[in-house]
$ cat run-v7.cif   # mmCIF, N, CA and C atoms
data_target
#
loop_
_atom_site.label_atom_id
_atom_site.label_comp_id
_atom_site.auth_asym_id
_atom_site.auth_seq_id
_atom_site.Cartn_x
_atom_site.Cartn_y
_atom_site.Cartn_z
N MET X 10 88.96 112.72 104.49
CA MET X 10 88.22 112.64 103.25
C MET X 10 89.19 112.46 102.08
N THR X 11 88.87 111.63 101.16
CA THR X 11 89.71 111.34 100.01
C THR X 11 89.63 112.47 98.99
N ALA X 12 90.77 112.85 98.41
CA ALA X 12 90.83 113.98 97.48
C ALA X 12 90.55 113.56 96.03
N PHE X 13 90.20 112.32 95.79
CA PHE X 13 89.85 111.90 94.43
C PHE X 13 88.58 111.06 94.49
N LYS X 14 87.87 111.05 93.41
CA LYS X 14 86.64 110.27 93.34
C LYS X 14 86.98 108.84 92.95
N ARG X 15 86.30 107.92 93.57
CA ARG X 15 86.53 106.53 93.25
C ARG X 15 86.30 106.24 91.77
N SER X 16 85.41 106.99 91.15
CA SER X 16 85.12 106.76 89.73
C SER X 16 86.31 107.11 88.85
N SER X 17 87.25 107.92 89.36
CA SER X 17 88.42 108.28 88.57
C SER X 17 89.48 107.18 88.61
N MET X 18 89.31 106.21 89.51
CA MET X 18 90.25 105.09 89.58
C MET X 18 89.86 104.09 88.51
N LYS X 19 90.83 103.70 87.70
CA LYS X 19 90.56 102.77 86.61
C LYS X 19 91.28 101.44 86.86
N GLU X 20 90.66 100.38 86.39
CA GLU X 20 91.35 99.11 86.33
C GLU X 20 92.08 99.08 84.99
N VAL X 21 93.37 98.78 85.02
CA VAL X 21 94.18 98.82 83.81
C VAL X 21 94.99 97.53 83.66
N ILE X 22 95.49 97.34 82.47
CA ILE X 22 96.42 96.25 82.18
C ILE X 22 97.82 96.86 82.17
N ILE X 23 98.74 96.20 82.86
CA ILE X 23 100.09 96.72 83.03
C ILE X 23 101.10 95.69 82.51
N ASP X 24 101.92 96.12 81.56
CA ASP X 24 103.01 95.29 81.06
C ASP X 24 104.30 95.81 81.68
N ILE X 25 105.07 94.93 82.31
CA ILE X 25 106.29 95.33 83.00
C ILE X 25 107.46 94.50 82.49
N LYS X 26 108.53 95.20 82.14
CA LYS X 26 109.78 94.55 81.77
C LYS X 26 110.86 95.13 82.67
N GLY X 27 111.59 94.26 83.33
CA GLY X 27 112.66 94.72 84.21
C GLY X 27 113.96 94.01 83.90
N THR X 28 115.05 94.76 83.97
CA THR X 28 116.38 94.19 83.76
C THR X 28 117.31 94.69 84.85
N GLN X 29 118.11 93.79 85.39
CA GLN X 29 119.09 94.13 86.41
C GLN X 29 120.46 93.61 85.97
N ARG X 30 121.44 94.53 85.97
CA ARG X 30 122.82 94.18 85.64
C ARG X 30 123.67 94.37 86.88
N THR X 31 124.30 93.32 87.35
CA THR X 31 125.10 93.41 88.57
C THR X 31 126.55 93.77 88.24
N GLY X 32 127.28 94.13 89.27
CA GLY X 32 128.68 94.52 89.12
C GLY X 32 129.56 93.41 88.57
N ASP X 33 129.17 92.15 88.76
CA ASP X 33 129.98 91.05 88.24
C ASP X 33 129.54 90.60 86.85
N GLY X 34 128.70 91.41 86.19
CA GLY X 34 128.34 91.15 84.80
C GLY X 34 127.11 90.29 84.58
N GLU X 35 126.47 89.83 85.65
CA GLU X 35 125.26 89.02 85.48
C GLU X 35 124.09 89.91 85.08
N VAL X 36 123.24 89.37 84.22
CA VAL X 36 122.04 90.08 83.77
C VAL X 36 120.83 89.21 84.10
N ASP X 37 119.87 89.82 84.77
CA ASP X 37 118.65 89.12 85.14
C ASP X 37 117.47 89.93 84.61
N SER X 38 116.57 89.27 83.89
CA SER X 38 115.42 89.97 83.30
C SER X 38 114.13 89.29 83.72
N ILE X 39 113.08 90.10 83.77
CA ILE X 39 111.75 89.60 84.08
C ILE X 39 110.75 90.37 83.23
N GLU X 40 109.69 89.68 82.85
CA GLU X 40 108.66 90.31 82.04
C GLU X 40 107.33 89.68 82.43
N PHE X 41 106.33 90.52 82.72
CA PHE X 41 105.01 89.98 83.04
C PHE X 41 103.93 91.02 82.79
N THR X 42 102.70 90.54 82.72
CA THR X 42 101.52 91.38 82.53
C THR X 42 100.60 91.12 83.71
N THR X 43 100.01 92.20 84.23
CA THR X 43 99.12 92.08 85.38
C THR X 43 97.99 93.11 85.25
N VAL X 44 97.04 93.02 86.14
CA VAL X 44 95.95 93.99 86.22
C VAL X 44 96.17 94.82 87.47
N GLY X 45 95.93 96.12 87.37
CA GLY X 45 96.12 96.98 88.52
C GLY X 45 95.17 98.16 88.51
N LYS X 46 95.40 99.06 89.46
CA LYS X 46 94.59 100.27 89.61
C LYS X 46 95.42 101.48 89.20
N TYR X 47 94.76 102.46 88.59
CA TYR X 47 95.44 103.63 88.04
C TYR X 47 94.58 104.87 88.30
N TYR X 48 95.20 105.92 88.84
CA TYR X 48 94.48 107.16 89.10
C TYR X 48 95.48 108.30 89.30
N LYS X 49 94.97 109.51 89.27
CA LYS X 49 95.79 110.70 89.51
C LYS X 49 95.40 111.29 90.86
N TYR X 50 96.43 111.60 91.66
CA TYR X 50 96.22 112.17 92.99
C TYR X 50 97.37 113.12 93.30
N LYS X 51 97.06 114.35 93.65
CA LYS X 51 98.07 115.36 94.01
C LYS X 51 99.18 115.47 92.95
N ASN X 52 98.81 115.69 91.71
CA ASN X 52 99.75 115.89 90.60
C ASN X 52 100.66 114.71 90.31
N ARG X 53 100.28 113.53 90.76
CA ARG X 53 101.04 112.31 90.46
C ARG X 53 100.08 111.24 89.96
N TYR X 54 100.56 110.47 88.99
CA TYR X 54 99.82 109.30 88.56
C TYR X 54 100.22 108.15 89.47
N HIS X 55 99.23 107.44 90.00
CA HIS X 55 99.47 106.30 90.89
C HIS X 55 99.09 105.03 90.15
N LEU X 56 99.96 104.06 90.24
CA LEU X 56 99.76 102.78 89.58
C LEU X 56 100.04 101.70 90.62
N SER X 57 99.03 100.93 90.98
CA SER X 57 99.18 99.87 92.00
C SER X 57 98.86 98.52 91.39
N TYR X 58 99.68 97.53 91.74
CA TYR X 58 99.46 96.19 91.22
C TYR X 58 100.08 95.16 92.16
N PRO X 59 99.51 93.94 92.18
CA PRO X 59 100.12 92.87 92.97
C PRO X 59 101.36 92.35 92.24
N GLU X 60 102.43 92.13 92.98
CA GLU X 60 103.64 91.58 92.37
C GLU X 60 103.36 90.19 91.83
N HIS X 61 103.96 89.89 90.71
CA HIS X 61 103.81 88.59 90.07
C HIS X 61 104.63 87.55 90.84
N ILE X 62 104.16 86.34 90.87
CA ILE X 62 104.83 85.26 91.60
C ILE X 62 106.29 85.08 91.15
N THR X 63 106.58 85.37 89.88
CA THR X 63 107.94 85.18 89.38
C THR X 63 108.94 86.17 89.97
N THR X 64 108.43 87.26 90.59
CA THR X 64 109.35 88.22 91.21
C THR X 64 109.85 87.73 92.57
N GLY X 65 109.20 86.70 93.10
CA GLY X 65 109.59 86.20 94.41
C GLY X 65 109.03 87.01 95.57
N MET X 66 108.16 87.96 95.28
CA MET X 66 107.57 88.80 96.32
C MET X 66 106.11 88.43 96.52
N LYS X 67 105.90 87.36 97.26
CA LYS X 67 104.56 86.86 97.51
C LYS X 67 103.80 87.83 98.42
N ASN X 68 102.53 88.05 98.10
CA ASN X 68 101.64 88.91 98.89
C ASN X 68 102.14 90.35 99.00
N VAL X 69 102.76 90.86 97.95
CA VAL X 69 103.26 92.23 97.94
C VAL X 69 102.51 93.04 96.88
N VAL X 70 102.09 94.25 97.26
CA VAL X 70 101.48 95.18 96.32
C VAL X 70 102.46 96.32 96.10
N THR X 71 102.75 96.61 94.84
CA THR X 71 103.65 97.70 94.48
C THR X 71 102.82 98.88 93.99
N THR X 72 103.18 100.07 94.46
CA THR X 72 102.55 101.30 93.98
C THR X 72 103.64 102.21 93.46
N LEU X 73 103.49 102.65 92.22
CA LEU X 73 104.39 103.63 91.61
C LEU X 73 103.67 104.97 91.63
N LYS X 74 104.28 105.97 92.25
CA LYS X 74 103.72 107.32 92.31
C LYS X 74 104.60 108.19 91.42
N VAL X 75 104.09 108.51 90.23
CA VAL X 75 104.89 109.10 89.17
C VAL X 75 104.69 110.61 89.10
N GLY X 76 105.79 111.35 89.30
CA GLY X 76 105.79 112.80 89.16
C GLY X 76 106.52 113.20 87.89
N ASP X 77 106.80 114.49 87.74
CA ASP X 77 107.48 114.98 86.54
C ASP X 77 108.95 114.56 86.49
N GLU X 78 109.63 114.57 87.64
CA GLU X 78 111.07 114.29 87.67
C GLU X 78 111.43 113.07 88.51
N ASP X 79 110.44 112.49 89.18
CA ASP X 79 110.75 111.39 90.09
C ASP X 79 109.62 110.38 90.15
N VAL X 80 109.96 109.20 90.68
CA VAL X 80 108.98 108.14 90.90
C VAL X 80 109.25 107.57 92.29
N LEU X 81 108.19 107.48 93.08
CA LEU X 81 108.27 106.82 94.38
C LEU X 81 107.75 105.40 94.19
N LEU X 82 108.57 104.41 94.52
CA LEU X 82 108.19 103.02 94.40
C LEU X 82 107.96 102.50 95.80
N CYS X 83 106.72 102.17 96.12
CA CYS X 83 106.36 101.71 97.46
C CYS X 83 105.87 100.27 97.38
N ARG X 84 106.38 99.43 98.25
CA ARG X 84 105.93 98.04 98.31
C ARG X 84 105.38 97.77 99.71
N ARG X 85 104.23 97.12 99.76
CA ARG X 85 103.58 96.78 101.01
C ARG X 85 103.14 95.34 100.98
N GLY X 86 103.26 94.68 102.12
CA GLY X 86 102.84 93.28 102.22
C GLY X 86 103.94 92.47 102.86
N GLY X 87 104.35 91.39 102.18
CA GLY X 87 105.40 90.51 102.70
C GLY X 87 106.74 91.20 102.82
N ALA X 88 106.97 92.26 102.08
CA ALA X 88 108.20 93.07 102.17
C ALA X 88 107.79 94.53 101.97
N ASN X 89 108.23 95.41 102.86
CA ASN X 89 107.87 96.82 102.79
C ASN X 89 109.10 97.65 102.43
N SER X 90 108.98 98.41 101.35
CA SER X 90 110.10 99.23 100.88
C SER X 90 109.58 100.53 100.30
N GLU X 91 110.42 101.55 100.34
CA GLU X 91 110.13 102.81 99.68
C GLU X 91 111.41 103.29 99.00
N LEU X 92 111.37 103.33 97.68
CA LEU X 92 112.51 103.77 96.89
C LEU X 92 112.13 105.02 96.11
N THR X 93 113.03 105.98 96.06
CA THR X 93 112.81 107.19 95.26
C THR X 93 113.80 107.18 94.12
N VAL X 94 113.28 107.25 92.90
CA VAL X 94 114.11 107.36 91.71
C VAL X 94 113.87 108.75 91.14
N GLU X 95 114.87 109.61 91.28
CA GLU X 95 114.77 110.99 90.80
C GLU X 95 115.91 111.26 89.85
N ARG X 96 115.59 111.84 88.73
CA ARG X 96 116.56 112.09 87.67
C ARG X 96 117.77 112.87 88.20
N GLN X 97 118.95 112.28 88.02
CA GLN X 97 120.25 112.89 88.35
C GLN X 97 120.42 113.22 89.83
N LYS X 98 119.73 112.45 90.71
CA LYS X 98 119.89 112.62 92.15
C LYS X 98 120.00 111.26 92.82
N ARG X 99 120.70 111.24 93.95
CA ARG X 99 120.85 110.01 94.73
C ARG X 99 120.04 110.16 96.02
N HIS X 100 119.29 109.13 96.34
CA HIS X 100 118.50 109.09 97.57
C HIS X 100 118.88 107.86 98.37
N ILE X 101 118.92 108.01 99.68
CA ILE X 101 119.08 106.87 100.58
C ILE X 101 117.67 106.37 100.88
N CYS X 102 117.42 105.10 100.59
CA CYS X 102 116.09 104.54 100.72
C CYS X 102 116.13 103.27 101.58
N HIS X 103 114.96 102.86 102.04
CA HIS X 103 114.85 101.66 102.87
C HIS X 103 114.30 100.52 102.03
N TYR X 104 114.99 99.40 102.11
CA TYR X 104 114.63 98.24 101.31
C TYR X 104 114.48 97.04 102.23
N ASP X 105 113.33 96.39 102.12
CA ASP X 105 113.04 95.22 102.94
C ASP X 105 113.04 93.99 102.06
N THR X 106 113.89 93.06 102.38
CA THR X 106 113.98 91.82 101.60
C THR X 106 112.99 90.77 102.07
N GLY X 107 112.31 91.05 103.17
CA GLY X 107 111.46 90.04 103.79
C GLY X 107 112.20 89.33 104.90
N TYR X 108 113.54 89.43 104.86
CA TYR X 108 114.39 88.84 105.90
C TYR X 108 115.05 89.91 106.76
N GLY X 109 114.97 91.14 106.30
CA GLY X 109 115.56 92.24 107.05
C GLY X 109 115.52 93.53 106.25
N LEU X 110 115.64 94.64 106.97
CA LEU X 110 115.59 95.97 106.38
C LEU X 110 116.99 96.56 106.33
N PHE X 111 117.34 97.19 105.21
CA PHE X 111 118.62 97.89 105.12
C PHE X 111 118.50 99.10 104.22
N SER X 112 119.49 99.98 104.28
CA SER X 112 119.49 101.20 103.48
C SER X 112 120.28 100.99 102.20
N VAL X 113 119.76 101.55 101.11
CA VAL X 113 120.44 101.48 99.83
C VAL X 113 120.45 102.87 99.22
N GLY X 114 121.45 103.13 98.40
CA GLY X 114 121.50 104.35 97.63
C GLY X 114 120.87 104.11 96.26
N ILE X 115 120.00 105.01 95.85
CA ILE X 115 119.35 104.91 94.54
C ILE X 115 119.69 106.18 93.76
N PHE X 116 120.39 106.00 92.64
CA PHE X 116 120.74 107.14 91.78
C PHE X 116 119.94 107.02 90.49
N GLY X 117 119.08 108.00 90.24
CA GLY X 117 118.24 107.99 89.05
C GLY X 117 118.99 108.50 87.83
N LYS X 118 119.16 107.65 86.85
CA LYS X 118 119.78 108.06 85.59
C LYS X 118 118.74 108.62 84.63
N THR X 119 117.62 107.90 84.49
CA THR X 119 116.56 108.32 83.56
C THR X 119 115.20 108.11 84.20
N VAL X 120 114.35 109.12 84.10
CA VAL X 120 112.94 109.02 84.48
C VAL X 120 112.17 109.64 83.32
N ARG X 121 111.41 108.80 82.62
CA ARG X 121 110.69 109.29 81.44
C ARG X 121 109.26 108.74 81.50
N SER X 122 108.28 109.66 81.44
CA SER X 122 106.89 109.25 81.53
C SER X 122 106.04 109.95 80.48
N THR X 123 105.17 109.17 79.86
CA THR X 123 104.14 109.72 78.98
C THR X 123 102.76 109.37 79.53
N LEU X 124 102.69 109.11 80.85
CA LEU X 124 101.42 108.73 81.46
C LEU X 124 100.42 109.88 81.36
N GLY X 125 99.20 109.54 81.05
CA GLY X 125 98.11 110.51 80.96
C GLY X 125 96.83 109.85 81.43
N GLY X 126 95.72 110.47 81.18
CA GLY X 126 94.43 109.98 81.65
C GLY X 126 94.07 108.58 81.20
N ASN X 127 94.56 108.16 80.04
CA ASN X 127 94.22 106.83 79.51
C ASN X 127 95.36 105.83 79.58
N GLY X 128 96.41 106.15 80.34
CA GLY X 128 97.55 105.25 80.44
C GLY X 128 98.78 105.87 79.82
N GLY X 129 99.66 105.05 79.29
CA GLY X 129 100.89 105.54 78.69
C GLY X 129 102.06 104.66 79.08
N LYS X 130 103.25 105.27 79.06
CA LYS X 130 104.47 104.52 79.32
C LYS X 130 105.31 105.21 80.41
N LEU X 131 106.07 104.39 81.12
CA LEU X 131 107.02 104.85 82.13
C LEU X 131 108.30 104.07 81.94
N TYR X 132 109.42 104.79 81.93
CA TYR X 132 110.73 104.15 81.81
C TYR X 132 111.64 104.69 82.91
N LEU X 133 112.26 103.79 83.66
CA LEU X 133 113.21 104.16 84.71
C LEU X 133 114.53 103.44 84.49
N LYS X 134 115.61 104.16 84.71
CA LYS X 134 116.94 103.56 84.73
C LYS X 134 117.65 104.14 85.94
N TYR X 135 118.15 103.26 86.81
CA TYR X 135 118.77 103.73 88.05
C TYR X 135 119.81 102.72 88.54
N THR X 136 120.71 103.20 89.38
CA THR X 136 121.69 102.31 89.99
C THR X 136 121.36 102.14 91.47
N VAL X 137 121.79 101.01 92.00
CA VAL X 137 121.63 100.70 93.43
C VAL X 137 123.02 100.51 94.01
N ASP X 138 123.27 101.16 95.16
CA ASP X 138 124.53 100.94 95.86
C ASP X 138 124.26 100.66 97.32
N ILE X 139 125.17 99.94 97.94
CA ILE X 139 125.13 99.68 99.38
C ILE X 139 126.45 100.15 99.95
N ASP X 140 126.38 101.04 100.93
CA ASP X 140 127.58 101.67 101.50
C ASP X 140 128.45 102.25 100.39
N SER X 141 127.83 102.90 99.44
CA SER X 141 128.47 103.54 98.29
C SER X 141 129.15 102.58 97.33
N GLY X 142 128.96 101.28 97.53
CA GLY X 142 129.51 100.28 96.62
C GLY X 142 128.46 99.85 95.60
N PHE X 143 128.79 99.96 94.33
CA PHE X 143 127.86 99.63 93.25
C PHE X 143 127.36 98.20 93.40
N GLN X 144 126.03 98.03 93.28
CA GLN X 144 125.41 96.71 93.32
C GLN X 144 124.81 96.32 91.97
N SER X 145 124.05 97.27 91.39
CA SER X 145 123.39 96.93 90.13
C SER X 145 122.90 98.18 89.41
N GLU X 146 122.67 97.99 88.10
CA GLU X 146 121.99 98.99 87.31
C GLU X 146 120.67 98.35 86.88
N ASN X 147 119.58 99.09 87.06
CA ASN X 147 118.25 98.53 86.83
C ASN X 147 117.49 99.36 85.81
N GLU X 148 116.71 98.67 84.99
CA GLU X 148 115.82 99.34 84.04
C GLU X 148 114.43 98.75 84.23
N ILE X 149 113.44 99.62 84.25
CA ILE X 149 112.05 99.19 84.33
C ILE X 149 111.28 99.91 83.23
N ASP X 150 110.59 99.12 82.43
CA ASP X 150 109.79 99.65 81.32
C ASP X 150 108.35 99.22 81.56
N VAL X 151 107.46 100.20 81.77
CA VAL X 151 106.07 99.92 82.13
C VAL X 151 105.13 100.51 81.07
N THR X 152 104.17 99.72 80.64
CA THR X 152 103.13 100.19 79.74
C THR X 152 101.79 100.01 80.46
N VAL X 153 100.99 101.08 80.48
CA VAL X 153 99.68 101.06 81.13
C VAL X 153 98.62 101.27 80.06
N ARG X 154 97.65 100.37 80.01
CA ARG X 154 96.59 100.53 79.02
C ARG X 154 95.25 100.16 79.65
N GLU X 155 94.20 100.77 79.13
CA GLU X 155 92.88 100.51 79.67
C GLU X 155 92.47 99.07 79.48
N ASN X 156 91.74 98.58 80.44
CA ASN X 156 91.28 97.18 80.44
C ASN X 156 90.07 97.04 79.55
#

$ encode --input "run-v7.cif" --output "structure tokens"
Amino acid sequence: MTAFKRSSMKEVIIDIKGTQRTGDGEVDSIEFTTVGKYYKYKNRYHLSYPEHITTGMKNVVTTLKVGDEDVLLCRRGGANSELTVERQKRHICHYDTGYGLFSVGIFGKTVRSTLGGNGGKLYLKYTVDIDSGFQSENEIDVTVREN
């Protein structure tokens, strides 16, 4: 049995800005707006949306499960991944590129959320490493608003 009522799930508009800085100084940015689902379940705000075509993740749905100190980023579809971004902690996570699965280290620098019943903002800043070698620093800025 589901622990939340379907009526508590809202369709929302989601603005996403992402920036990735690699170890060799390259900066890659993406910005898009999409429609998704938003609800609260087990003391976490859940935000699900289909990845935009510009991300290169065709047929992938991303779900952000936002807690007080951490965010679980789950992707399902053409590529399946689960990343944990927790403030001032490093987690070993599984990342699927669609061509293969590998482990990455995720160190959460900043997790800041003002999400509430009517939406709000989420900001993440974290580093990614492979075999303890720095790969990139990433920032994600998400705004959730009622449709």

$ resolve_selection --input "run-v7.cif" --expression "the PyMOL selection byres ((chain X and resi 16-27) around 6.5)" --output "number ranges by chain"
X: 13-15, 28-29, 37-49, 148-156

$ resolve_selection --input "run-v7.cif" --expression "the PyMOL selection byres (((chain X and resi 134 and name CA) around 7) and name CA)" --output "list of chain:residue names"
X:Gly117, X:Lys118, X:Thr119, X:Val120, X:Tyr132, X:Leu133, X:Tyr135, X:Asn147, X:Glu148, X:Ile149

$ closest_residue --input "run-v7.cif" --among "X:Arg99, X:His55, X:Arg30, X:Lys130" --to "Val75 (chain X)" --atoms "only N, CA and C atoms"
X:His55

$ select_by_dssp --input "run-v7.cif" --residues "chain X" --states "strand (DSSP E)" --output "ChimeraX atom specification"
/X:19-31,36-50,53-59,69-75,79-86,90-95,99-105,110-122,128-139,142-155

$ closest_residue --input "run-v7.cif" --among "X:Gly129, X:Tyr108, X:Ile101, X:Val113" --to "Phe143 (chain X)" --atoms "only C-alpha atoms"
X:Val113

$ resolve_selection --input "run-v7.cif" --expression "the PyMOL selection byres ((chain X and resi 107) around 6)" --output "mmCIF file with N, CA and C atoms, keeping the file's coordinate frame"
data_model
loop_
_atom_site.group_PDB
_atom_site.id
_atom_site.type_symbol
_atom_site.label_atom_id
_atom_site.label_comp_id
_atom_site.auth_asym_id
_atom_site.auth_seq_id
_atom_site.Cartn_x
_atom_site.Cartn_y
_atom_site.Cartn_z
ATOM 1 N N GLY X 87 104.350 91.390 102.180
ATOM 2 C CA GLY X 87 105.400 90.510 102.700
ATOM 3 C C GLY X 87 106.740 91.200 102.820
ATOM 4 N N ALA X 88 106.970 92.260 102.080
ATOM 5 C CA ALA X 88 108.200 93.070 102.170
ATOM 6 C C ALA X 88 107.790 94.530 101.970
ATOM 7 N N ASN X 89 108.230 95.410 102.860
ATOM 8 C CA ASN X 89 107.870 96.820 102.790
ATOM 9 C C ASN X 89 109.100 97.650 102.430
ATOM 10 N N ASP X 105 113.330 96.390 102.120
ATOM 11 C CA ASP X 105 113.040 95.220 102.940
ATOM 12 C C ASP X 105 113.040 93.990 102.060
ATOM 13 N N THR X 106 113.890 93.060 102.380
ATOM 14 C CA THR X 106 113.980 91.820 101.600
ATOM 15 C C THR X 106 112.990 90.770 102.070
ATOM 16 N N TYR X 108 113.540 89.430 104.860
ATOM 17 C CA TYR X 108 114.390 88.840 105.900
ATOM 18 C C TYR X 108 115.050 89.910 106.760
ATOM 19 N N GLY X 109 114.970 91.140 106.300
ATOM 20 C CA GLY X 109 115.560 92.240 107.050
ATOM 21 C C GLY X 109 115.520 93.530 106.250
#

$ atom_distance --input "run-v7.cif" --atom1 "atom C of Thr31 (chain X)" --atom2 "atom C of Glu146 (chain X)"
7.6 Å

$ atom_distance --input "run-v7.cif" --atom1 "CA of Leu131 (chain X)" --atom2 "CA of Gly34 (chain X)"
25.5 Å

$ atom_distance --input "run-v7.cif" --atom1 "CA of Val94 (chain X)" --atom2 "CA of Ile115 (chain X)"
6.4 Å

$ residues_around --input "run-v7.cif" --residues "Glu95 (chain X)" --least-positions-apart "3" --cutoff "5 Å" --atoms "only N, CA and C atoms" --output "list of chain:residue names"
X:Glu78, X:Asp79, X:Val80, X:Lys98, X:Gly117

$ write_last_selection --input "run-v7.cif" --atoms "N, CA and C atoms" --output "compact mmCIF listing (two decimals), keeping the file's coordinate frame"
# COMPACT_ATOMS: atom_id res chain seq x y z
N GLU X 78 109.63 114.57 87.64
CA GLU X 78 111.07 114.29 87.67
C GLU X 78 111.43 113.07 88.51
N ASP X 79 110.44 112.49 89.18
CA ASP X 79 110.75 111.39 90.09
C ASP X 79 109.62 110.38 90.15
N VAL X 80 109.96 109.20 90.68
CA VAL X 80 108.98 108.14 90.90
C VAL X 80 109.25 107.57 92.29
N LYS X 98 119.73 112.45 90.71
CA LYS X 98 119.89 112.62 92.15
C LYS X 98 120.00 111.26 92.82
N GLY X 117 119.08 108.00 90.24
CA GLY X 117 118.24 107.99 89.05
C GLY X 117 118.99 108.50 87.83

$ closest_residue --input "run-v7.cif" --among "X:Leu81, X:Gly86, X:Arg53, X:Val137" --to "Val69 (chain X)" --atoms "only N, CA and C atoms"
X:Gly86

$ closest_residue --input "run-v7.cif" --among "X:Tyr104, X:Lys74, X:Ser145, X:Gly126" --to "Asn52 (chain X)" --atoms "all atoms listed in the file"
X:Lys74

$ closest_residue --input "run-v7.cif" --among "X:Gln97, X:Ser141, X:Thr72, X:Ser90" --to "Gly114 (chain X)" --atoms "only C-alpha atoms"
X:Ser141

$ closest_residue --input "run-v7.cif" --among "X:Leu124, X:Phe116, X:Arg85, X:Phe111" --to "Tyr54 (chain X)" --atoms "only N, CA and C atoms"
X:Leu124
